[in-house]
Amino acid sequence: MGKFRGWHIVAGFAAMLLTAVLGTAMGLSNTAAFMASCVAFVAVSKGLESHFARRRREAASRQLEQSQSRTSMEDR
């Protein structure tokens, strides 16, 4: 089983639920609470997706540098 790569979706869904609860508690109409929830979902999921992609890219870069340094050490 591979690594789960949908954490940004899970976090977006949690933000959506929290925003819906808060919007309803503030007295927003159902439509306004739903629209605010959708905005929160997109903002959180896209933000985390960007963050995770940056971390993956940096890790891949470090791994490539390490493999290149090992290869250059073996050539000597």
# chains A, B, ... in the order shown; residues from 1 in each chain; ligands from 1
$ residues_around --residues "A:His8" --least-positions-apart "4" --cutoff "8 Å" --atoms "only C-alpha atoms" --output "ChimeraX atom specification"
/A:12,44-46,48-49
$ residues_around --residues "A:Ala40" --least-positions-apart "5" --cutoff "10 Å" --atoms "only C-alpha atoms" --output "list in words"
Gly12, Phe13, Ala14, Ala15, Met16, Leu17, Leu18, Thr19, Ala20, Phe34, Met35, Ser45 and Lys46 of chain A
$ closest_residue --among "A:Arg54, A:Gln63, A:Gly23, A:Gly6" --to "A:Cys38" --atoms "only C-alpha atoms"
A:Gly23
$ atom_distance --atom1 "atom CA of A:Ala53" --atom2 "atom CA of A:Phe4"
13.8 Å
$ atom_distance --atom1 "atom CA of A:Ala36" --atom2 "atom CA of A:Val10"
17.1 Å
$ decode --residues "stretch 48-62 of chain A" --atoms "N, CA and C atoms" --output "PDB file, in the first residue's frame"
ATOM      1  N   LEU A  48      -2.386  23.821   1.161  1.00  0.00           N
ATOM      2  CA  LEU A  48      -1.656  22.644   1.627  1.00  0.00           C
ATOM      3  C   LEU A  48      -1.049  21.862   0.475  1.00  0.00           C
ATOM      4  N   GLU A  49      -1.752  21.790  -0.647  1.00  0.00           N
ATOM      5  CA  GLU A  49      -1.203  21.106  -1.814  1.00  0.00           C
ATOM      6  C   GLU A  49       0.101  21.773  -2.246  1.00  0.00           C
ATOM      7  N   SER A  50       0.121  23.089  -2.244  1.00  0.00           N
ATOM      8  CA  SER A  50       1.322  23.835  -2.597  1.00  0.00           C
ATOM      9  C   SER A  50       2.442  23.575  -1.592  1.00  0.00           C
ATOM     10  N   HIS A  51       2.094  23.578  -0.319  1.00  0.00           N
ATOM     11  CA  HIS A  51       3.084  23.338   0.736  1.00  0.00           C
ATOM     12  C   HIS A  51       3.690  21.939   0.607  1.00  0.00           C
ATOM     13  N   PHE A  52       2.841  20.937   0.429  1.00  0.00           N
ATOM     14  CA  PHE A  52       3.328  19.559   0.309  1.00  0.00           C
ATOM     15  C   PHE A  52       4.170  19.374  -0.944  1.00  0.00           C
ATOM     16  N   ALA A  53       3.775  19.995  -2.041  1.00  0.00           N
ATOM     17  CA  ALA A  53       4.547  19.888  -3.277  1.00  0.00           C
ATOM     18  C   ALA A  53       5.938  20.497  -3.099  1.00  0.00           C
ATOM     19  N   ARG A  54       5.989  21.631  -2.407  1.00  0.00           N
ATOM     20  CA  ARG A  54       7.287  22.270  -2.157  1.00  0.00           C
ATOM     21  C   ARG A  54       8.168  21.359  -1.305  1.00  0.00           C
ATOM     22  N   ARG A  55       7.596  20.740  -0.274  1.00  0.00           N
ATOM     23  CA  ARG A  55       8.376  19.825   0.567  1.00  0.00           C
ATOM     24  C   ARG A  55       8.856  18.616  -0.220  1.00  0.00           C
ATOM     25  N   ARG A  56       7.994  18.061  -1.080  1.00  0.00           N
ATOM     26  CA  ARG A  56       8.409  16.921  -1.904  1.00  0.00           C
ATOM     27  C   ARG A  56       9.532  17.308  -2.857  1.00  0.00           C
ATOM     28  N   ARG A  57       9.406  18.495  -3.451  1.00  0.00           N
ATOM     29  CA  ARG A  57      10.420  18.966  -4.396  1.00  0.00           C
ATOM     30  C   ARG A  57      11.759  19.160  -3.687  1.00  0.00           C
ATOM     31  N   GLU A  58      11.752  19.744  -2.488  1.00  0.00           N
ATOM     32  CA  GLU A  58      12.983  19.944  -1.733  1.00  0.00           C
ATOM     33  C   GLU A  58      13.598  18.608  -1.321  1.00  0.00           C
ATOM     34  N   ALA A  59      12.769  17.657  -0.916  1.00  0.00           N
ATOM     35  CA  ALA A  59      13.282  16.344  -0.527  1.00  0.00           C
ATOM     36  C   ALA A  59      13.898  15.628  -1.727  1.00  0.00           C
ATOM     37  N   ALA A  60      13.256  15.730  -2.873  1.00  0.00           N
ATOM     38  CA  ALA A  60      13.802  15.105  -4.082  1.00  0.00           C
ATOM     39  C   ALA A  60      15.124  15.761  -4.472  1.00  0.00           C
ATOM     40  N   SER A  61      15.216  17.068  -4.312  1.00  0.00           N
ATOM     41  CA  SER A  61      16.452  17.788  -4.624  1.00  0.00           C
ATOM     42  C   SER A  61      17.579  17.345  -3.698  1.00  0.00           C
ATOM     43  N   ARG A  62      17.281  17.230  -2.401  1.00  0.00           N
ATOM     44  CA  ARG A  62      18.294  16.765  -1.443  1.00  0.00           C
ATOM     45  C   ARG A  62      18.739  15.351  -1.760  1.00  0.00           C
TER      46      ARG A  62
END
